[in-house]
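Data file: protein.pdb. Format and content: PDB, C-alpha atoms and all ligand atoms.
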```pdb
MODEL        1
ATOM      1  CA  MET Z 132     104.108  70.479  94.741
ATOM      2  CA  LEU Z 133     105.826  68.988  97.787
ATOM      3  CA  ARG Z 134     108.567  66.570  96.836
ATOM      4  CA  THR Z 135     111.840  67.924  98.154
ATOM      5  CA  ILE Z 136     113.157  69.740 101.221
ATOM      6  CA  ALA Z 137     113.374  72.881  99.065
ATOM      7  CA  ASP Z 138     109.629  72.546  98.340
ATOM      8  CA  ALA Z 139     108.945  72.213 102.079
ATOM      9  CA  ASP Z 140     111.041  75.305 102.838
ATOM     10  CA  ARG Z 141     109.174  77.268 100.160
ATOM     11  CA  ILE Z 142     105.794  76.306 101.611
ATOM     12  CA  ARG Z 143     106.927  77.108 105.140
ATOM     13  CA  ALA Z 144     108.088  80.538 104.018
ATOM     14  CA  GLU Z 145     104.490  81.244 102.982
ATOM     15  CA  TYR Z 146     103.248  80.555 106.500
ATOM     16  CA  SER Z 147     103.022  83.674 108.590
ATOM     17  CA  ALA Z 148     101.345  83.738 111.986
ATOM     18  CA  GLY Z 149      97.806  85.006 111.717
ATOM     19  CA  GLY Z 150      97.606  84.188 108.000
ATOM     20  CA  ARG Z 151      94.691  82.175 106.682
ATOM     21  CA  ALA Z 152      95.480  78.699 105.390
ATOM     22  CA  VAL Z 153      92.878  76.678 103.549
ATOM     23  CA  ILE Z 154      93.728  73.001 103.178
ATOM     24  CA  ILE Z 155      91.864  71.101 100.488
ATOM     25  CA  GLY Z 156      91.427  67.436 101.374
ATOM     26  CA  GLY Z 157      91.019  65.891 104.822
ATOM     27  CA  GLY Z 158      93.251  62.869 104.298
ATOM     28  CA  TYR Z 159      96.595  62.093 105.950
ATOM     29  CA  ILE Z 160      98.407  64.780 103.988
ATOM     30  CA  GLY Z 161      95.816  67.508 104.480
ATOM     31  CA  LEU Z 162      95.482  66.891 108.209
ATOM     32  CA  GLU Z 163      99.225  66.744 108.749
ATOM     33  CA  VAL Z 164      99.704  70.051 106.948
ATOM     34  CA  ALA Z 165      96.782  71.518 108.894
ATOM     35  CA  ALA Z 166      98.316  70.523 112.236
ATOM     36  CA  THR Z 167     101.680  72.041 111.318
ATOM     37  CA  ALA Z 168     100.153  75.275 110.021
ATOM     38  CA  ARG Z 169      98.089  75.592 113.184
ATOM     39  CA  GLU Z 170     101.141  75.068 115.374
ATOM     40  CA  LEU Z 171     102.820  77.895 113.478
ATOM     41  CA  GLY Z 172      99.931  80.171 114.389
ATOM     42  CA  LEU Z 173      97.877  80.248 111.220
ATOM     43  CA  ASP Z 174      94.104  80.338 111.042
ATOM     44  CA  VAL Z 175      93.409  76.947 109.448
ATOM     45  CA  THR Z 176      90.385  75.571 107.606
ATOM     46  CA  VAL Z 177      90.231  72.056 106.119
ATOM     47  CA  LEU Z 178      87.746  71.430 103.303
ATOM     48  CA  GLU Z 179      86.801  67.768 102.832
ATOM     49  CA  MET Z 180      84.341  66.697 100.160
ATOM     50  CA  THR Z 181      83.071  63.565 101.911
ATOM     51  CA  GLU Z 182      81.138  63.408 105.170
ATOM     52  CA  ARG Z 183      84.213  62.766 107.332
ATOM     53  CA  VAL Z 184      87.980  63.203 107.348
ATOM     54  CA  MET Z 185      90.227  60.247 106.479
ATOM     55  CA  ASN Z 186      87.232  58.607 104.863
ATOM     56  CA  ARG Z 187      89.329  56.442 102.537
ATOM     57  CA  VAL Z 188      91.475  54.877 105.197
ATOM     58  CA  THR Z 189      89.708  54.680 108.547
ATOM     59  CA  CYS Z 190      86.438  53.806 110.232
ATOM     60  CA  PRO Z 191      84.024  56.560 111.381
ATOM     61  CA  GLN Z 192      85.191  56.292 115.010
ATOM     62  CA  VAL Z 193      88.818  57.003 114.123
ATOM     63  CA  SER Z 194      87.755  59.842 111.811
ATOM     64  CA  ALA Z 195      85.731  61.348 114.664
ATOM     65  CA  PHE Z 196      88.711  61.100 117.010
ATOM     66  CA  TYR Z 197      91.021  62.957 114.629
ATOM     67  CA  ALA Z 198      88.393  65.549 113.742
ATOM     68  CA  ALA Z 199      87.847  66.269 117.438
ATOM     69  CA  GLU Z 200      91.588  66.424 118.145
ATOM     70  CA  HIS Z 201      92.142  68.921 115.331
ATOM     71  CA  ALA Z 202      89.143  70.981 116.430
ATOM     72  CA  ARG Z 203      90.477  71.033 119.998
ATOM     73  CA  ARG Z 204      93.662  72.610 118.677
ATOM     74  CA  GLY Z 205      91.754  75.194 116.683
ATOM     75  CA  VAL Z 206      91.611  73.688 113.198
ATOM     76  CA  ARG Z 207      88.273  74.358 111.495
ATOM     77  CA  ILE Z 208      87.068  71.280 109.593
ATOM     78  CA  ARG Z 209      84.321  71.610 107.007
ATOM     79  CA  CYS Z 210      83.072  68.310 105.568
ATOM     80  CA  ASN Z 211      80.733  67.891 102.577
ATOM     81  CA  GLU Z 212      82.538  70.757 100.865
ATOM     82  CA  THR Z 213      83.808  69.995  97.354
ATOM     83  CA  VAL Z 214      86.266  72.533  96.028
ATOM     84  CA  ARG Z 215      85.448  73.765  92.547
ATOM     85  CA  ALA Z 216      87.675  76.828  92.058
ATOM     86  CA  LEU Z 217      90.446  78.986  93.444
ATOM     87  CA  HIS Z 218      90.117  82.716  92.935
ATOM     88  CA  GLY Z 219      93.207  84.863  92.735
ATOM     89  CA  ASP Z 220      94.283  88.451  92.589
ATOM     90  CA  ALA Z 221      95.656  89.249  89.127
ATOM     91  CA  SER Z 222      97.723  92.159  90.402
ATOM     92  CA  THR Z 223      99.636  90.082  92.985
ATOM     93  CA  GLY Z 224      99.361  86.696  91.315
ATOM     94  CA  ARG Z 225      98.272  85.224  94.638
ATOM     95  CA  VAL Z 226      95.288  83.113  95.578
ATOM     96  CA  ARG Z 227      92.551  85.024  97.408
ATOM     97  CA  CYS Z 228      89.800  82.530  98.199
ATOM     98  CA  VAL Z 229      88.563  78.994  97.686
ATOM     99  CA  LEU Z 230      85.075  78.344  96.307
ATOM    100  CA  THR Z 231      83.101  75.150  96.812
ATOM    101  CA  GLU Z 232      80.300  73.532  94.837
ATOM    102  CA  GLN Z 233      78.074  73.947  97.882
ATOM    103  CA  GLY Z 234      78.401  77.737  97.689
ATOM    104  CA  GLY Z 235      81.099  78.151 100.326
ATOM    105  CA  GLU Z 236      83.668  80.904  99.964
ATOM    106  CA  TYR Z 237      86.805  80.653 102.107
ATOM    107  CA  PRO Z 238      89.275  83.563 102.142
ATOM    108  CA  ALA Z 239      92.881  82.355 102.000
ATOM    109  CA  ASP Z 240      96.442  83.615 102.075
ATOM    110  CA  VAL Z 241      97.842  80.120 101.523
ATOM    111  CA  VAL Z 242      96.149  77.108  99.919
ATOM    112  CA  VAL Z 243      97.501  73.579 100.151
ATOM    113  CA  ILE Z 244      95.962  70.863  97.979
ATOM    114  CA  GLY Z 245      96.134  67.298  99.337
ATOM    115  CA  VAL Z 246      93.401  65.499  97.475
ATOM    116  CA  GLY Z 247      95.046  62.113  97.027
ATOM    117  CA  VAL Z 248      95.246  60.109  93.829
ATOM    118  CA  VAL Z 249      93.067  57.659  91.954
ATOM    119  CA  PRO Z 250      94.904  54.842  90.207
ATOM    120  CA  ALA Z 251      94.623  54.799  86.431
ATOM    121  CA  ASP Z 252      93.043  51.384  85.971
ATOM    122  CA  GLU Z 253      91.482  51.810  82.534
ATOM    123  CA  LEU Z 254      94.201  49.857  80.755
ATOM    124  CA  ALA Z 255      94.019  46.951  83.207
ATOM    125  CA  LYS Z 256      90.238  46.857  82.924
ATOM    126  CA  ALA Z 257      90.320  47.054  79.136
ATOM    127  CA  ALA Z 258      92.852  44.209  79.074
ATOM    128  CA  GLY Z 259      90.430  42.121  81.113
ATOM    129  CA  SER Z 260      92.661  41.913  84.177
ATOM    130  CA  LYS Z 261      91.098  40.338  87.221
ATOM    131  CA  LEU Z 262      90.759  43.075  89.877
ATOM    132  CA  VAL Z 263      91.633  41.873  93.347
ATOM    133  CA  PRO Z 264      89.874  43.360  96.392
ATOM    134  CA  VAL Z 265      92.983  43.502  98.565
ATOM    135  CA  PHE Z 266      95.577  46.103  99.457
ATOM    136  CA  ALA Z 267      98.990  44.686  98.708
ATOM    137  CA  ILE Z 268     102.443  46.176  98.865
ATOM    138  CA  ALA Z 269     104.908  45.093  96.237
ATOM    139  CA  ALA Z 270     108.189  46.279  94.814
ATOM    140  CA  LYS Z 271     107.393  48.577  91.937
ATOM    141  CA  SER Z 272     109.322  46.424  89.510
ATOM    142  CA  ASN Z 273     106.872  43.627  90.276
ATOM    143  CA  TRP Z 274     103.747  45.664  89.566
ATOM    144  CA  LYS Z 275     101.622  44.905  86.577
ATOM    145  CA  GLY Z 276      99.359  47.857  87.218
ATOM    146  CA  SER Z 277      97.250  49.561  89.838
ATOM    147  CA  VAL Z 278      93.540  49.087  90.200
ATOM    148  CA  ARG Z 279      90.755  50.188  92.487
ATOM    149  CA  SER Z 280      87.581  48.374  93.429
ATOM    150  CA  ASN Z 281      84.809  50.130  95.366
ATOM    151  CA  ALA Z 282      86.439  52.107  98.183
ATOM    152  CA  THR Z 283      89.355  49.739  98.465
ATOM    153  CA  PHE Z 284      92.655  50.658  96.922
ATOM    154  CA  CYS Z 285      94.101  47.657  95.166
ATOM    155  CA  ILE Z 286      97.458  46.992  93.670
ATOM    156  CA  LEU Z 287      97.729  44.229  91.151
ATOM    157  CA  PRO Z 288     101.204  42.740  91.426
ATOM    158  CA  THR Z 289     102.502  40.041  89.124
ATOM    159  CA  ARG Z 290     102.279  37.812  92.163
ATOM    160  CA  LEU Z 291     100.222  38.458  95.271
ATOM    161  CA  LEU Z 292     102.200  38.824  98.484
TER     162      LEU Z 292
HETATM  163  C1  LIG C   1      92.725  50.473 102.445
HETATM  164  C2  LIG C   1      94.014  51.258 102.450
HETATM  165  C3  LIG C   1      95.073  50.821 103.238
HETATM  166  C4  LIG C   1      96.280  51.532 103.232
HETATM  167  N1  LIG C   1      97.315  51.077 104.018
HETATM  168  C5  LIG C   1      98.458  51.767 104.059
HETATM  169  C6  LIG C   1      99.533  51.361 104.900
HETATM  170  O1  LIG C   1      99.426  50.355 105.612
HETATM  171  N2  LIG C   1     100.674  52.084 104.913
HETATM  172  C7  LIG C   1     100.823  53.218 104.140
HETATM  173  O2  LIG C   1     101.871  53.862 104.194
HETATM  174  N3  LIG C   1      99.836  53.627 103.326
HETATM  175  C8  LIG C   1      98.670  52.939 103.273
HETATM  176  N4  LIG C   1      97.665  53.360 102.438
HETATM  177  C9  LIG C   1      97.916  54.513 101.607
HETATM  178  C10 LIG C   1      97.680  55.778 102.381
HETATM  179  O3  LIG C   1      96.455  55.687 103.041
HETATM  180  C11 LIG C   1      97.698  56.909 101.382
HETATM  181  O4  LIG C   1      99.007  57.060 100.913
HETATM  182  C12 LIG C   1      97.253  58.189 102.033
HETATM  183  O5  LIG C   1      95.931  58.063 102.466
HETATM  184  C13 LIG C   1      97.337  59.317 101.044
HETATM  185  O6  LIG C   1      96.913  60.473 101.745
HETATM  186  P1  LIG C   1      96.376  61.707 100.978
HETATM  187  O7  LIG C   1      96.011  62.733 102.013
HETATM  188  O8  LIG C   1      97.339  62.090  99.908
HETATM  189  O9  LIG C   1      95.080  61.196 100.180
HETATM  190  P2  LIG C   1      93.659  60.678 100.704
HETATM  191  O10 LIG C   1      93.779  59.878 101.952
HETATM  192  O11 LIG C   1      93.008  60.064  99.521
HETATM  193  O12 LIG C   1      92.905  62.018 101.089
HETATM  194  C14 LIG C   1      92.494  62.955 100.120
HETATM  195  C15 LIG C   1      91.214  63.605 100.606
HETATM  196  O13 LIG C   1      90.886  64.677  99.733
HETATM  197  C16 LIG C   1      89.480  64.685  99.557
HETATM  198  N5  LIG C   1      89.190  65.398  98.305
HETATM  199  C17 LIG C   1      89.449  65.001  97.032
HETATM  200  N6  LIG C   1      89.046  65.929  96.156
HETATM  201  C18 LIG C   1      88.515  66.951  96.893
HETATM  202  C19 LIG C   1      87.919  68.206  96.552
HETATM  203  N7  LIG C   1      87.775  68.629  95.291
HETATM  204  N8  LIG C   1      87.444  69.014  97.548
HETATM  205  C20 LIG C   1      87.578  68.630  98.845
HETATM  206  N9  LIG C   1      88.144  67.436  99.231
HETATM  207  C21 LIG C   1      88.607  66.616  98.255
HETATM  208  C22 LIG C   1      89.104  63.211  99.512
HETATM  209  O14 LIG C   1      87.736  63.008  99.832
HETATM  210  C23 LIG C   1      90.035  62.630 100.593
HETATM  211  O15 LIG C   1      89.451  62.611 101.875
HETATM  212  C24 LIG C   1      96.439  52.689 102.443
HETATM  213  C25 LIG C   1      95.360  53.135 101.665
HETATM  214  C26 LIG C   1      94.160  52.433 101.681
HETATM  215  C27 LIG C   1      92.995  52.923 100.829
ENDMDL
END
```
Rewrite the coordinates I just gave you, this time as structure tokens.
Ligand SMILES: Cc1cc2nc3c(=O)[nH]c(=O)nc-3n(C[C@H](O)[C@H](O)[C@H](O)COP(=O)(O)OP(=O)(O)OC[C@H]3O[C@@H](n4cnc5c(N)ncnc54)[C@H](O)[C@@H]3O)c2cc1C
Amino acid sequence: MLRTIADADRIRAEYSAGGRAVIIGGGYIGLEVAATARELGLDVTVLEMTERVMNRVTCPQVSAFYAAEHARRGVRIRCNETVRALHGDASTGRVRCVLTEQGGEYPADVVVIGVGVVPADELAKAAGSKLVPVFAIAAKSNWKGSVRSNATFCILPTRLL
């Protein structure tokens, strides 16, 4: 979990040059962590379950640009790889490799999970709320709930901005 500076320091302490980092999720978070780990000298692999990185937030051209830029700096990006399990070593209590549904097996010394979130919209749907196909930013106190429609992330505020 990365929430505080102490969390960041703890994660950084796990990074040792030459170590193998597997990053699960090729979104903003995963790619940012990948870039940092690579700069610190780790061998970095990003596993993304869709056909391109940053699929939720950008067009294919922008995804291709960032994929190429990461590759140029030595980050290995593997798309169409859905993570299904982490295997560990019982004697050390540490993760050993990441397994994917497609049969991939990626050895790892450090694993970072950045798979995003999906809004819990069941209640809003059950209540018959009208789902709006827009992305809106609102003060949390104004939110009625969060909803998602197709690939678009939607927030349903009490009033639209
Ligand atoms: C349309 C839209 C507009 C936005 N506009 C803004 C904005 O203007 N400003 C702002 O600050 N924020 C904005 N956001 C929010 C911002 O994009 C998110 O906060 C950010 O994308 C979260 O990054 P993330 O890496 O945590 O998750 P995501 O971007 O969701 O990335 C997670 C990745 O993990 C992959 N994944 C999930 N499960 C697995 C698995 N099992 N194996 C492998 N891969 C997996 C997913 O396919 C996905 O690519 C916007 C979001 C959307 C959708």
Near-stretch 178-181 of chain Z list (9 Å; all atoms listed in the file; drop same-chain fewer than 4 positions) as a ChimeraX atom specification: /Z:153-158,186,207-214,231,246
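With atom CA of Z:Gly172 on one side and atom CA of Z:Ile142 on the other, the separation reads 14.6 Å.
Going from atom CA of Z:Met185 over to atom C14 of ligand LIG 1 (chain C), you cover 7.3 Å.
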Reference answer for the PyMOL selection byres (((chain Z and resi 225) around 12) and not hetatm), as a short mmCIF file (atom, residue, chain, number, x, y, z; two decimals) with C-alpha atoms, in the frame of the given file:
```cif
data_model
loop_
_atom_site.label_atom_id
_atom_site.label_comp_id
_atom_site.auth_asym_id
_atom_site.auth_seq_id
_atom_site.Cartn_x
_atom_site.Cartn_y
_atom_site.Cartn_z
CA GLU Z 145 104.49 81.24 102.98
CA LEU Z 217 90.45 78.99 93.44
CA HIS Z 218 90.12 82.72 92.94
CA GLY Z 219 93.21 84.86 92.74
CA ASP Z 220 94.28 88.45 92.59
CA ALA Z 221 95.66 89.25 89.13
CA SER Z 222 97.72 92.16 90.40
CA THR Z 223 99.64 90.08 92.98
CA GLY Z 224 99.36 86.70 91.32
CA VAL Z 226 95.29 83.11 95.58
CA ARG Z 227 92.55 85.02 97.41
CA CYS Z 228 89.80 82.53 98.20
CA VAL Z 229 88.56 78.99 97.69
CA PRO Z 238 89.28 83.56 102.14
CA ALA Z 239 92.88 82.36 102.00
CA ASP Z 240 96.44 83.62 102.08
CA VAL Z 241 97.84 80.12 101.52
CA VAL Z 242 96.15 77.11 99.92
#
```
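The space between atom C16 of ligand LIG 1 (chain C) and atom CA of Z:Ala148 spans 25.7 Å.
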